[in-house]
>>> print(open('target.cif').read())   # mmCIF, C-alpha atoms and all ligand atoms
data_protein
#
loop_
_atom_site.label_atom_id
_atom_site.label_comp_id
_atom_site.auth_asym_id
_atom_site.auth_seq_id
_atom_site.Cartn_x
_atom_site.Cartn_y
_atom_site.Cartn_z
CA MET A 1239 -23.27 8.28 13.99
CA LYS A 1240 -23.12 5.24 11.71
CA LYS A 1241 -19.60 4.51 10.46
CA ARG A 1242 -19.17 4.61 6.69
CA ILE A 1243 -16.79 1.93 5.45
CA VAL A 1244 -15.08 1.16 2.17
CA LEU A 1245 -14.15 -2.54 2.11
CA LEU A 1246 -11.56 -3.79 -0.38
CA GLY A 1247 -11.20 -7.55 -0.86
CA SER A 1248 -14.78 -8.06 0.35
CA THR A 1249 -15.19 -11.54 -1.18
CA GLY A 1250 -12.21 -13.10 0.67
CA SER A 1251 -11.76 -14.62 4.09
CA ILE A 1252 -11.08 -11.30 5.87
CA GLY A 1253 -13.57 -9.51 3.61
CA THR A 1254 -16.51 -11.76 4.47
CA GLN A 1255 -15.65 -11.74 8.19
CA SER A 1256 -15.49 -7.95 8.00
CA LEU A 1257 -18.99 -7.96 6.56
CA GLU A 1258 -20.13 -10.08 9.53
CA VAL A 1259 -18.80 -7.38 11.86
CA ILE A 1260 -20.35 -4.63 9.73
CA ARG A 1261 -23.68 -6.48 9.69
CA ALA A 1262 -23.59 -6.99 13.46
CA GLN A 1263 -22.77 -3.31 14.11
CA GLY A 1264 -25.12 -1.90 11.47
CA TYR A 1265 -22.36 0.14 9.81
CA GLU A 1266 -22.89 1.67 6.40
CA VAL A 1267 -20.98 0.18 3.46
CA LEU A 1268 -19.94 2.94 1.10
CA GLY A 1269 -17.88 0.83 -1.30
CA LEU A 1270 -17.10 -2.83 -1.97
CA ALA A 1271 -14.26 -4.17 -4.13
CA ALA A 1272 -12.81 -7.54 -5.11
CA GLY A 1273 -10.63 -9.18 -7.74
CA SER A 1274 -12.73 -11.34 -10.06
CA ASN A 1275 -15.57 -12.92 -8.09
CA ASP A 1276 -18.52 -11.06 -9.63
CA ALA A 1277 -21.09 -13.60 -8.34
CA VAL A 1278 -20.26 -13.10 -4.64
CA LEU A 1279 -19.77 -9.35 -5.07
CA LEU A 1280 -23.26 -9.13 -6.61
CA GLU A 1281 -24.78 -10.87 -3.56
CA GLN A 1282 -22.91 -8.45 -1.29
CA ILE A 1283 -24.13 -5.46 -3.31
CA GLU A 1284 -27.71 -6.74 -2.98
CA GLU A 1285 -27.37 -6.98 0.80
CA PHE A 1286 -25.27 -3.91 1.63
CA HIS A 1287 -26.27 -1.43 -1.14
CA PRO A 1288 -22.91 0.35 -1.49
CA ALA A 1289 -22.77 3.61 -3.46
CA ALA A 1290 -19.86 2.25 -5.49
CA ALA A 1291 -18.30 -1.12 -6.30
CA ALA A 1292 -15.17 -2.24 -8.14
CA LEU A 1293 -13.63 -5.37 -9.64
CA ALA A 1294 -9.97 -5.55 -10.66
CA ASP A 1295 -10.65 -8.09 -13.41
CA GLU A 1296 -12.10 -6.29 -16.45
CA ALA A 1297 -14.07 -9.27 -17.82
CA ALA A 1298 -15.63 -10.01 -14.42
CA CYS A 1299 -16.44 -6.31 -14.09
CA GLU A 1300 -18.31 -6.36 -17.41
CA ARG A 1301 -20.30 -9.42 -16.25
CA LEU A 1302 -21.23 -7.52 -13.10
CA ARG A 1303 -22.20 -4.48 -15.16
CA ALA A 1304 -24.56 -6.66 -17.21
CA ALA A 1305 -26.08 -8.20 -14.06
CA LEU A 1306 -26.69 -4.74 -12.58
CA ALA A 1307 -28.12 -3.21 -15.77
CA GLY A 1308 -31.49 -1.57 -15.30
CA ARG A 1309 -31.47 -1.78 -11.49
CA ALA A 1310 -32.46 1.49 -9.89
CA ASP A 1311 -30.21 0.99 -6.84
CA ALA A 1312 -27.17 -0.21 -8.79
CA PRO A 1313 -23.87 1.17 -7.44
CA ARG A 1314 -21.44 3.15 -9.53
CA LEU A 1315 -19.20 0.46 -11.02
CA LEU A 1316 -15.44 0.91 -11.45
CA CYS A 1317 -13.20 -1.56 -13.27
CA GLY A 1318 -9.50 -2.45 -13.07
CA ALA A 1319 -6.78 -1.64 -10.55
CA GLN A 1320 -7.52 2.07 -11.04
CA GLY A 1321 -11.12 1.42 -10.01
CA ILE A 1322 -10.01 -0.20 -6.75
CA GLU A 1323 -7.79 2.81 -5.99
CA GLU A 1324 -10.60 5.23 -6.82
CA LEU A 1325 -12.77 3.40 -4.29
CA ALA A 1326 -9.98 3.75 -1.70
CA ARG A 1327 -10.14 7.54 -2.23
CA MET A 1328 -13.94 7.72 -2.00
CA PRO A 1329 -15.06 10.97 -0.34
CA GLY A 1330 -17.16 10.55 2.78
CA ALA A 1331 -15.52 7.33 4.00
CA ASP A 1332 -14.72 7.19 7.73
CA ILE A 1333 -12.37 4.28 7.23
CA VAL A 1334 -11.05 2.06 4.43
CA LEU A 1335 -10.48 -1.62 5.24
CA ASN A 1336 -7.94 -3.16 2.89
CA ALA A 1337 -8.27 -6.97 2.77
CA VAL A 1338 -6.91 -7.47 -0.74
CA VAL A 1339 -4.30 -10.23 -0.96
CA GLY A 1340 -0.75 -9.59 -2.15
CA ILE A 1341 1.08 -6.57 -3.57
CA ALA A 1342 -2.12 -5.91 -5.55
CA GLY A 1343 -3.24 -4.11 -2.38
CA LEU A 1344 -0.39 -1.58 -2.32
CA GLY A 1345 -1.96 0.95 -4.68
CA ALA A 1346 -5.17 1.06 -2.65
CA THR A 1347 -3.25 1.39 0.64
CA LEU A 1348 -1.42 4.44 -0.73
CA ALA A 1349 -4.58 5.90 -2.30
CA ALA A 1350 -6.52 5.65 0.98
CA LEU A 1351 -3.76 7.22 3.07
CA GLU A 1352 -2.97 9.94 0.50
CA SER A 1353 -6.61 10.99 0.52
CA GLY A 1354 -6.46 11.22 4.33
CA HIS A 1355 -8.63 8.18 5.10
CA ASP A 1356 -7.83 6.10 8.16
CA LEU A 1357 -6.84 2.64 7.01
CA ALA A 1358 -7.65 -0.68 8.68
CA LEU A 1359 -4.92 -2.80 7.17
CA ALA A 1360 -5.12 -6.57 6.68
CA ASN A 1361 -3.02 -6.41 3.49
CA LYS A 1362 0.39 -6.87 5.14
CA GLU A 1363 2.04 -7.12 1.72
CA SER A 1364 1.62 -3.37 1.20
CA LEU A 1365 3.80 -2.65 4.24
CA VAL A 1366 6.29 -5.35 3.29
CA THR A 1367 6.74 -4.15 -0.29
CA GLY A 1368 6.39 -0.38 0.11
CA GLY A 1369 6.63 0.28 3.86
CA ALA A 1370 8.56 3.55 3.51
CA LEU A 1371 6.05 4.94 1.00
CA VAL A 1372 3.09 3.80 3.11
CA LEU A 1373 4.41 5.47 6.26
CA GLU A 1374 5.29 8.62 4.36
CA ALA A 1375 1.76 8.85 2.90
CA ALA A 1376 0.26 8.47 6.39
CA ARG A 1377 2.64 11.05 7.84
CA ARG A 1378 1.81 13.59 5.10
CA THR A 1379 -1.96 13.47 5.59
CA GLY A 1380 -2.13 12.45 9.25
CA ALA A 1381 -4.24 9.39 8.35
CA ARG A 1382 -4.06 6.52 10.83
CA LEU A 1383 -2.92 2.96 10.17
CA LEU A 1384 -4.94 0.48 12.23
CA PRO A 1385 -3.65 -3.09 12.14
CA VAL A 1386 -6.07 -5.94 11.37
CA ASP A 1387 -3.52 -8.76 11.37
CA SER A 1388 -4.24 -10.51 14.70
CA GLU A 1389 -0.65 -10.29 16.01
CA HIS A 1390 -0.30 -6.62 15.15
CA SER A 1391 -3.70 -5.84 16.58
CA ALA A 1392 -2.56 -7.61 19.76
CA ILE A 1393 0.64 -5.53 19.92
CA PHE A 1394 -1.34 -2.36 19.18
CA GLN A 1395 -3.77 -3.25 21.98
CA CYS A 1396 -0.87 -3.88 24.40
CA LEU A 1397 0.52 -0.42 23.55
CA GLN A 1398 -2.60 1.60 24.32
CA ASP A 1399 -1.11 2.98 27.55
CA ALA A 1400 0.71 5.93 25.95
CA ALA A 1401 3.12 6.55 28.84
CA SER A 1402 4.33 2.92 28.86
CA ALA A 1403 4.41 2.69 25.06
CA LYS A 1404 7.43 5.01 25.10
CA ARG A 1405 9.25 2.34 27.14
CA LEU A 1406 8.60 -0.53 24.76
CA GLU A 1407 11.66 -2.75 24.80
CA LYS A 1408 10.71 -5.80 22.80
CA ILE A 1409 7.86 -7.34 20.83
CA LEU A 1410 7.03 -11.03 21.28
CA LEU A 1411 5.36 -11.93 18.00
CA THR A 1412 3.49 -15.19 18.36
CA ALA A 1413 3.22 -17.85 15.66
CA SER A 1414 1.04 -20.95 15.52
CA GLY A 1415 3.85 -22.85 13.81
CA GLY A 1416 1.44 -23.96 11.08
CA PRO A 1417 0.46 -27.49 10.06
CA PHE A 1418 4.06 -28.72 9.73
CA PHE A 1419 5.44 -27.61 13.09
CA GLY A 1420 8.20 -29.92 14.38
CA MET A 1421 8.84 -31.59 11.02
CA ASN A 1422 12.26 -31.86 9.39
CA ARG A 1423 13.18 -31.13 5.77
CA GLU A 1424 12.84 -34.78 4.76
CA GLN A 1425 9.26 -34.85 6.03
CA LEU A 1426 8.50 -31.51 4.38
CA ALA A 1427 9.84 -32.50 0.97
CA GLY A 1428 6.77 -34.55 0.08
CA LYS A 1429 4.12 -32.15 1.39
CA THR A 1430 1.38 -31.42 -1.12
CA ARG A 1431 -0.94 -28.51 -1.72
CA ALA A 1432 -3.72 -30.35 0.15
CA ASP A 1433 -1.46 -30.99 3.20
CA ALA A 1434 -0.34 -27.35 3.30
CA LEU A 1435 -3.87 -25.99 3.00
CA LYS A 1436 -4.90 -27.57 6.33
CA HIS A 1437 -4.20 -25.00 9.04
CA PRO A 1438 -4.67 -26.21 12.64
CA ASN A 1439 -6.26 -23.04 14.11
CA TRP A 1440 -7.34 -20.52 11.44
CA SER A 1441 -9.46 -20.72 8.31
CA MET A 1442 -7.94 -18.26 5.81
CA GLY A 1443 -7.40 -17.58 2.10
CA ALA A 1444 -5.15 -20.01 0.18
CA LYS A 1445 -2.11 -17.73 -0.12
CA ILE A 1446 -1.80 -16.88 3.59
CA THR A 1447 -2.50 -20.52 4.51
CA ILE A 1448 0.53 -21.60 2.45
CA ASP A 1449 2.49 -18.69 3.96
CA SER A 1450 1.61 -20.07 7.41
CA ALA A 1451 2.85 -23.53 6.45
CA THR A 1452 6.21 -22.18 5.18
CA LEU A 1453 6.48 -19.59 8.03
CA MET A 1454 6.73 -16.92 5.31
CA ASN A 1455 3.70 -15.39 7.01
CA LYS A 1456 5.71 -14.87 10.19
CA GLY A 1457 8.55 -13.38 8.18
CA LEU A 1458 6.14 -10.96 6.48
CA GLU A 1459 4.65 -10.14 9.89
CA LEU A 1460 8.07 -9.42 11.35
CA ILE A 1461 8.63 -6.87 8.58
CA GLU A 1462 5.08 -5.55 9.06
CA ALA A 1463 5.83 -5.06 12.79
CA VAL A 1464 9.07 -3.18 12.05
CA TRP A 1465 7.09 -0.62 10.00
CA LEU A 1466 4.05 -0.41 12.29
CA PHE A 1467 5.84 -0.16 15.63
CA GLY A 1468 9.25 1.28 14.70
CA LEU A 1469 11.39 -1.32 16.48
CA PRO A 1470 14.47 -2.82 14.80
CA PRO A 1471 14.05 -6.48 13.76
CA GLU A 1472 16.44 -7.70 16.51
CA LYS A 1473 13.90 -6.48 19.07
CA ILE A 1474 11.10 -8.58 17.63
CA GLN A 1475 11.24 -12.15 18.92
CA ILE A 1476 9.12 -14.86 17.37
CA VAL A 1477 7.50 -17.19 19.89
CA VAL A 1478 5.62 -20.29 18.76
CA GLN A 1479 2.31 -20.46 20.63
CA ARG A 1480 0.66 -23.53 19.14
CA GLN A 1481 -2.86 -22.86 20.39
CA SER A 1482 -3.15 -19.34 18.86
CA ILE A 1483 -4.69 -18.03 22.09
CA ILE A 1484 -2.00 -15.45 22.90
CA HIS A 1485 -2.00 -13.24 19.82
CA SER A 1486 1.27 -11.44 20.72
CA MET A 1487 2.94 -9.70 23.64
CA VAL A 1488 5.08 -6.66 24.40
CA GLN A 1489 7.86 -6.33 26.93
CA TYR A 1490 8.54 -3.00 28.58
CA ALA A 1491 11.78 -1.55 30.02
CA ASP A 1492 11.02 -2.96 33.47
CA HIS A 1493 10.62 -6.48 31.92
CA SER A 1494 6.91 -6.53 32.54
CA VAL A 1495 5.21 -8.44 29.70
CA ILE A 1496 1.69 -7.60 28.53
CA ALA A 1497 -0.19 -10.08 26.32
CA GLN A 1498 -3.47 -9.98 24.41
CA LEU A 1499 -5.55 -13.17 24.45
CA GLY A 1500 -8.75 -14.31 22.80
CA VAL A 1501 -10.25 -17.10 20.72
CA PRO A 1502 -8.62 -17.40 17.29
CA ASP A 1503 -11.34 -15.39 15.52
CA MET A 1504 -10.38 -12.60 13.12
CA ARG A 1505 -13.61 -10.75 13.83
CA ILE A 1506 -12.03 -9.50 17.09
CA PRO A 1507 -9.07 -7.67 15.47
CA ILE A 1508 -11.23 -6.60 12.51
CA GLN A 1509 -13.78 -5.01 14.83
CA TYR A 1510 -11.13 -3.36 17.00
CA ALA A 1511 -9.61 -1.69 13.93
CA LEU A 1512 -13.08 -0.30 13.14
CA THR A 1513 -14.03 0.81 16.67
CA TRP A 1514 -10.62 1.92 18.06
CA PRO A 1515 -10.14 3.46 20.59
CA ASP A 1516 -13.55 2.23 21.73
CA ARG A 1517 -14.52 -1.38 22.44
CA ILE A 1518 -18.06 -2.60 21.85
CA PRO A 1519 -19.80 -6.02 22.03
CA GLY A 1520 -19.19 -8.07 18.88
CA PRO A 1521 -20.00 -11.39 17.20
CA ALA A 1522 -16.90 -13.34 18.36
CA PRO A 1523 -17.32 -15.87 21.21
CA GLU A 1524 -15.56 -15.42 24.55
CA LEU A 1525 -12.49 -17.39 25.57
CA ASP A 1526 -13.57 -20.16 27.96
CA PHE A 1527 -10.70 -20.68 30.41
CA THR A 1528 -12.48 -23.63 32.06
CA ARG A 1529 -12.10 -25.59 28.81
CA LEU A 1530 -8.75 -24.23 27.69
CA GLY A 1531 -5.90 -26.73 27.98
CA PRO A 1532 -2.25 -25.79 28.49
CA LEU A 1533 -0.64 -22.97 26.57
CA THR A 1534 2.71 -24.01 25.09
CA PHE A 1535 5.70 -22.00 23.91
CA ASP A 1536 8.40 -23.04 21.45
CA VAL A 1537 11.17 -21.60 19.33
CA ALA A 1538 10.57 -21.16 15.57
CA ASP A 1539 12.84 -23.40 13.47
CA GLU A 1540 14.24 -21.14 10.80
CA GLU A 1541 16.90 -23.67 9.77
CA THR A 1542 14.09 -25.82 8.41
CA PHE A 1543 11.65 -23.07 7.45
CA ARG A 1544 13.87 -21.00 5.17
CA CYS A 1545 11.24 -18.39 4.31
CA LEU A 1546 11.51 -16.99 7.83
CA ALA A 1547 15.31 -16.82 7.56
CA ALA A 1548 14.96 -15.15 4.14
CA CYS A 1549 12.63 -12.46 5.51
CA LYS A 1550 15.05 -11.73 8.34
CA LYS A 1551 17.86 -11.33 5.80
CA ALA A 1552 15.62 -9.14 3.66
CA ILE A 1553 14.70 -6.68 6.42
CA ALA A 1554 18.37 -6.54 7.50
CA LYS A 1555 19.36 -5.64 3.90
CA GLY A 1556 16.58 -3.06 3.80
CA GLY A 1557 15.43 -1.06 0.77
CA LEU A 1558 13.68 -3.24 -1.77
CA ALA A 1559 14.85 -6.58 -0.34
CA PRO A 1560 11.54 -7.24 1.49
CA CYS A 1561 9.67 -6.38 -1.72
CA ALA A 1562 11.82 -8.89 -3.62
CA ALA A 1563 11.19 -11.56 -0.97
CA ASN A 1564 7.46 -10.89 -1.17
CA GLY A 1565 7.35 -10.96 -4.99
CA ALA A 1566 9.36 -14.20 -5.06
CA ASN A 1567 7.01 -15.72 -2.51
CA GLU A 1568 3.81 -14.67 -4.31
CA GLU A 1569 5.11 -16.23 -7.51
CA ALA A 1570 6.42 -19.38 -5.79
CA VAL A 1571 3.17 -19.90 -3.86
CA GLY A 1572 1.26 -19.61 -7.15
CA LEU A 1573 3.52 -22.29 -8.68
CA PHE A 1574 3.13 -24.52 -5.61
CA LEU A 1575 -0.67 -24.17 -5.67
CA ARG A 1576 -0.58 -25.31 -9.31
CA ASP A 1577 1.62 -28.31 -8.34
CA GLU A 1578 4.49 -26.96 -10.45
CA ILE A 1579 7.07 -26.88 -7.63
CA GLY A 1580 7.56 -28.77 -4.36
CA PHE A 1581 6.97 -27.35 -0.89
CA LEU A 1582 10.64 -26.79 -0.03
CA GLU A 1583 11.22 -24.98 -3.33
CA ILE A 1584 9.25 -21.99 -2.00
CA GLY A 1585 11.85 -21.26 0.68
CA ARG A 1586 14.76 -21.96 -1.64
CA LEU A 1587 13.46 -19.55 -4.25
CA VAL A 1588 12.64 -16.75 -1.80
CA GLU A 1589 16.10 -17.07 -0.26
CA ALA A 1590 17.79 -17.12 -3.68
CA VAL A 1591 16.05 -13.88 -4.68
CA VAL A 1592 16.98 -12.13 -1.43
CA GLU A 1593 20.62 -13.17 -1.91
CA SER A 1594 20.72 -12.20 -5.60
CA GLU A 1595 21.30 -8.45 -5.07
CA ALA A 1596 22.28 -5.78 -2.52
CA PHE A 1597 18.82 -4.06 -2.61
CA GLY A 1598 19.48 -1.33 0.02
CA GLY A 1599 18.48 2.32 -0.14
CA SER A 1600 15.38 4.39 -0.70
CA TYR A 1601 12.89 3.67 -3.48
CA SER A 1602 10.01 5.04 -5.53
CA LEU A 1603 6.69 3.33 -6.24
CA ALA A 1604 7.81 2.57 -9.81
CA GLU A 1605 10.91 0.85 -8.38
CA VAL A 1606 8.75 -1.24 -6.04
CA TYR A 1607 6.71 -2.54 -8.97
CA GLU A 1608 9.85 -3.14 -11.03
CA CYS A 1609 11.45 -5.06 -8.16
CA ASP A 1610 8.30 -7.17 -7.78
CA ARG A 1611 8.28 -7.93 -11.51
CA ALA A 1612 11.98 -8.88 -11.52
CA ALA A 1613 11.63 -11.15 -8.46
CA ARG A 1614 8.72 -12.97 -10.08
CA ALA A 1615 10.64 -13.39 -13.34
CA PHE A 1616 13.65 -14.74 -11.40
CA VAL A 1617 11.45 -17.33 -9.68
CA ARG A 1618 9.80 -18.45 -12.91
CA ALA A 1619 13.17 -18.83 -14.63
CA GLN A 1620 14.69 -20.78 -11.70
CA ALA A 1621 11.64 -23.00 -11.32
CA LYS A 1622 11.72 -23.94 -15.02
CA ARG A 1623 15.39 -24.88 -14.80
CA ARG A 1624 14.88 -27.48 -12.04
P1 LIG P 1701 -8.48 -14.26 0.28
O1 LIG P 1701 -7.72 -14.91 -0.82
O2 LIG P 1701 -9.49 -15.03 1.01
O3 LIG P 1701 -9.19 -12.93 -0.28
C1 LIG P 1701 -8.49 -11.99 -1.06
C2 LIG P 1701 -9.39 -10.87 -1.48
O4 LIG P 1701 -8.65 -10.01 -2.37
C3 LIG P 1701 -10.60 -11.35 -2.31
O5 LIG P 1701 -11.68 -10.51 -2.06
C4 LIG P 1701 -10.10 -11.18 -3.74
O6 LIG P 1701 -11.15 -11.04 -4.68
C5 LIG P 1701 -9.35 -9.89 -3.59
N1 LIG P 1701 -8.39 -9.66 -4.67
C6 LIG P 1701 -7.54 -10.55 -5.23
N2 LIG P 1701 -6.81 -9.95 -6.18
C7 LIG P 1701 -7.21 -8.67 -6.24
C8 LIG P 1701 -6.84 -7.54 -7.02
N3 LIG P 1701 -5.89 -7.64 -7.97
N4 LIG P 1701 -7.45 -6.37 -6.79
C9 LIG P 1701 -8.42 -6.27 -5.85
N5 LIG P 1701 -8.81 -7.29 -5.08
C10 LIG P 1701 -8.21 -8.48 -5.28
O7 LIG P 1701 -7.38 -13.66 1.28
P2 LIG P 1701 -7.51 -13.39 2.84
O8 LIG P 1701 -8.80 -12.73 3.15
O9 LIG P 1701 -7.11 -14.60 3.57
O10 LIG P 1701 -6.32 -12.35 3.06
C11 LIG P 1701 -6.42 -10.99 2.68
C12 LIG P 1701 -5.26 -10.22 3.28
O11 LIG P 1701 -5.38 -10.25 4.69
C13 LIG P 1701 -3.89 -10.82 2.95
O12 LIG P 1701 -2.96 -9.78 2.83
C14 LIG P 1701 -3.57 -11.64 4.19
O13 LIG P 1701 -2.19 -11.77 4.40
C15 LIG P 1701 -4.21 -10.79 5.27
N6 LIG P 1701 -4.59 -11.52 6.48
C16 LIG P 1701 -5.49 -12.54 6.40
C17 LIG P 1701 -5.87 -13.25 7.54
C18 LIG P 1701 -6.92 -14.32 7.48
O14 LIG P 1701 -7.30 -14.84 8.52
N7 LIG P 1701 -7.43 -14.69 6.32
C19 LIG P 1701 -5.26 -12.93 8.83
C20 LIG P 1701 -4.37 -11.82 8.81
C21 LIG P 1701 -4.05 -11.15 7.67
P3 LIG P 1701 -11.73 -12.35 -5.49
O15 LIG P 1701 -12.45 -13.15 -4.49
O16 LIG P 1701 -12.59 -11.73 -6.48
O17 LIG P 1701 -10.51 -13.04 -6.05
MG MG P 1702 -1.31 -12.81 11.48
#
>>> encode(input="target.cif", output="structure tokens", more="lines below")
Ligand code: NDP
Ligand code: MG
Amino acid sequence: MKKRIVLLGSTGSIGTQSLEVIRAQGYEVLGLAAGSNDAVLLEQIEEFHPAAAALADEAACERLRAALAGRADAPRLLCGAQGIEELARMPGADIVLNAVVGIAGLGATLAALESGHDLALANKESLVTGGALVLEAARRTGARLLPVDSEHSAIFQCLQDAASAKRLEKILLTASGGPFFGMNREQLAGKTRADALKHPNWSMGAKITIDSATLMNKGLELIEAVWLFGLPPEKIQIVVQRQSIIHSMVQYADHSVIAQLGVPDMRIPIQYALTWPDRIPGPAPELDFTRLGPLTFDVADEETFRCLAACKKAIAKGGLAPCAANGANEEAVGLFLRDEIGFLEIGRLVEAVVESEAFGGSYSLAEVYECDRAARAFVRAQAKRR
């Protein structure tokens, strides 16, 4: 039977690669959603004919409504954040793929899981900000969380042997190191938006590309791994693997290490999240070992890359601390992309927010959003003062 998919964040880097997989496999697209890019969403609607579509931005949504007016096959159109969440709850979906960027994806993650839909999750920020609520929603309905992030997909793939999975001792979370690997703080101080947007191995959306340059991405992924695989942060070791060929590894009780390898192509983890536990031929090329040079391993420098240190502190504090770190980072990355703060300011601000409060304890969804708002306000106020 054809899989029916709801794809959120369809106009982005993961979204468009997901559509390549969907196109190659001939899956049915039940719903498509994005933020404000009505032009690209319209093209996608014309190709994939979803039953429903949504845009978070109200003005863009009205433009799309006008463009669709009078068309017999026009999808049901939903506007605003509520519209995205309604799409995530759409009856008849086999799986929801959440590729929205930032905490904006949290509501849809919860909506999908609460309605019992399996969730292919690229939006790591929903686990970082509201991990306890996300896991609780999945537990209540029995919906599955299938990782799309390449490292977490790799770990998930290495854990498929259920008997061994019980003996998981350690996760080796690989990192490319980003475009500024090996540089010191002096060299980093002058890095511009254009420098930071050049990633050596992956082509991704702007926010995660900056997160890769600051190593915030690895910090977010460490927190993501804690929630997905239930290991304490001390048992997750970050290993710099510059070539992005080994996508992560697991170590078992007997010290046997299992790794997952492949070309750096997100269509592999995206497709696996959609076909799990099956594997089928897909559009990604094979890894050619005859042309592959050496694979190198290094230690991540968290003295220089403070975002990684801040995320470690945040997960150790627990409660809303990771949410605060994430909110501070989203705001700081926005400021950096608008040339309003320097590269090193991102780490300083994220660390300052994490250190500003105790943060521990359980939380509600309203408290998550309040924490996010407060962290962003803190960053804006600090940035203005410098
Ligand atoms: P992009 O910036 O390329 O795309 C983001 C998508 O989210 C776009 O479709 C955008 O729509 C949509 N969006 C933005 N704001 C909202 C909103 N408020 N409500 C609904 N949709 C919104 O990001 P990426 O594809 O790079 O990343 C998406 C997620 O996947 C992130 O969480 C990232 O960390 C994660 N990820 C990405 C990887 C990659 O290779 N790119 C790898 C692993 C994880 P619009 O175009 O209209 O703005
Ligand atoms: Mg990743």
>>> residues_around(input="target.cif", residues="Gln1425 in chain A", least_positions_apart="6", cutoff="12 Å", atoms="all atoms listed in the file", output="list of chain:residue names")
A:Phe1418, A:Phe1419, A:Asp1433, A:Thr1542, A:Phe1581, A:Leu1582
>>> residues_near_ligand(input="target.cif", ligand="ligand MG 1702 (chain P)", cutoff="6 Å", atoms="all atoms listed in the file", output="PDB file with C-alpha atoms, keeping the file's coordinate frame")
ATOM      1  CA  ASP A1387      -3.520  -8.760  11.370  1.00  0.00           C
ATOM      2  CA  SER A1388      -4.240 -10.510  14.700  1.00  0.00           C
ATOM      3  CA  GLU A1389      -0.650 -10.290  16.010  1.00  0.00           C
TER       4      GLU A1389
END
>>> closest_residue(input="target.cif", among="A:Val1464, A:Ala1294, A:Ala1559, A:Leu1573", to="ligand LIG 1701 (chain P)", atoms="all atoms listed in the file")
A:Ala1294
>>> residues_near_ligand(input="target.cif", ligand="ligand LIG 1701 (chain P)", cutoff="7 Å", atoms="all atoms listed in the file", output="NGL selection string")
:A and (1246-1253 or 1271-1276 or 1293-1294 or 1319 or 1322 or 1337-1340 or 1342-1343 or 1360-1363 or 1386-1388 or 1440-1446 or 1504)
>>> residues_around(input="target.cif", residues="Arg1405 in chain A", least_positions_apart="2", cutoff="7 Å", atoms="only C-alpha atoms", output="ChimeraX atom specification")
/A:1402-1403,1407,1490-1491
>>> residues_around(input="target.cif", residues="Glu1266 in chain A", least_positions_apart="5", cutoff="9 Å", atoms="all atoms listed in the file", output="number ranges by chain")
A: 1240-1244, 1260-1261, 1286-1288
>>> axis_aligned_box(input="target.cif", around="range 1587-1598 of chain A", padding_each_side="3 Å", output="lines of an AutoDock Vina configuration file")
center_x = 17.5
center_y = -10.4
center_z = -2.8
size_x = 15.6
size_y = 24.2
size_z = 11.6
>>> atom_distance(input="target.cif", atom1="CA of Cys1609 in chain A", atom2="CA of Ala1563 in chain A")
9.7 Å
>>> atom_distance(input="target.cif", atom1="CA of Gly1468 in chain A", atom2="CA of Asp1399 in chain A")
16.6 Å
>>> residues_around(input="target.cif", residues="Asp1610 in chain A", least_positions_apart="3", cutoff="9 Å", atoms="all atoms listed in the file", output="list in words")
Ile1341, Thr1367, Leu1558, Cys1561, Ala1562, Ala1563, Asn1564, Gly1565, Ala1566, Glu1605, Val1606, Tyr1607, Ala1613, Arg1614 and Ala1615 of chain A
>>> closest_atom_pairs(input="target.cif", of="range 1413-1485 of chain A", to="range 1518-1540 of chain A", cutoff="6 Å", atoms="all atoms listed in the file", output="Markdown table")
| residue | atom | partner | partner_atom | distance |
| --- | --- | --- | --- | --- |
| A:Val1477 | CA | A:Val1537 | CA | 5.8 |
| A:Val1478 | CA | A:Asp1536 | CA | 4.7 |
| A:Gln1479 | CA | A:Phe1535 | CA | 5.0 |
>>> closest_residue(input="target.cif", among="A:Arg1303, A:Thr1452, A:Gly1416, A:Val1495", to="Lys1436 in chain A", atoms="only C-alpha atoms")
A:Gly1416
>>> residues_around(input="target.cif", residues="Phe1574 in chain A", least_positions_apart="3", cutoff="10 Å", atoms="only C-alpha atoms", output="ChimeraX atom specification")
/A:1430-1431,1434,1448,1568-1571,1577-1584
>>> closest_residue(input="target.cif", among="A:Leu1257, A:Ile1484, A:Ala1554, A:Ala1312", to="Ile1508 in chain A", atoms="only C-alpha atoms")
A:Leu1257
>>> atom_distance(input="target.cif", atom1="CA of Cys1396 in chain A", atom2="CA of Leu1357 in chain A")
19.5 Å
>>> decode(input="target.cif", residues="range 1527-1532 of chain A", atoms="N, CA and C atoms", output="PDB file, in the first residue's frame")
ATOM      1  N   PHE A1527      34.264   3.164  -1.819  1.00  0.00           N
ATOM      2  CA  PHE A1527      35.447   3.014  -0.968  1.00  0.00           C
ATOM      3  C   PHE A1527      36.750   3.083  -1.763  1.00  0.00           C
ATOM      4  N   THR A1528      36.684   2.877  -3.099  1.00  0.00           N
ATOM      5  CA  THR A1528      37.912   2.945  -3.886  1.00  0.00           C
ATOM      6  C   THR A1528      38.377   4.396  -4.031  1.00  0.00           C
ATOM      7  N   ARG A1529      37.447   5.349  -3.822  1.00  0.00           N
ATOM      8  CA  ARG A1529      37.825   6.757  -3.973  1.00  0.00           C
ATOM      9  C   ARG A1529      37.854   7.510  -2.656  1.00  0.00           C
ATOM     10  N   LEU A1530      37.494   6.795  -1.580  1.00  0.00           N
ATOM     11  CA  LEU A1530      37.423   7.427  -0.269  1.00  0.00           C
ATOM     12  C   LEU A1530      38.827   7.522   0.328  1.00  0.00           C
ATOM     13  N   GLY A1531      39.222   8.702   0.728  1.00  0.00           N
ATOM     14  CA  GLY A1531      40.529   8.866   1.378  1.00  0.00           C
ATOM     15  C   GLY A1531      40.472   8.402   2.821  1.00  0.00           C
ATOM     16  N   PRO A1532      41.435   8.848   3.645  1.00  0.00           N
ATOM     17  CA  PRO A1532      41.434   8.419   5.046  1.00  0.00           C
ATOM     18  C   PRO A1532      40.273   9.015   5.840  1.00  0.00           C
TER      19      PRO A1532
END
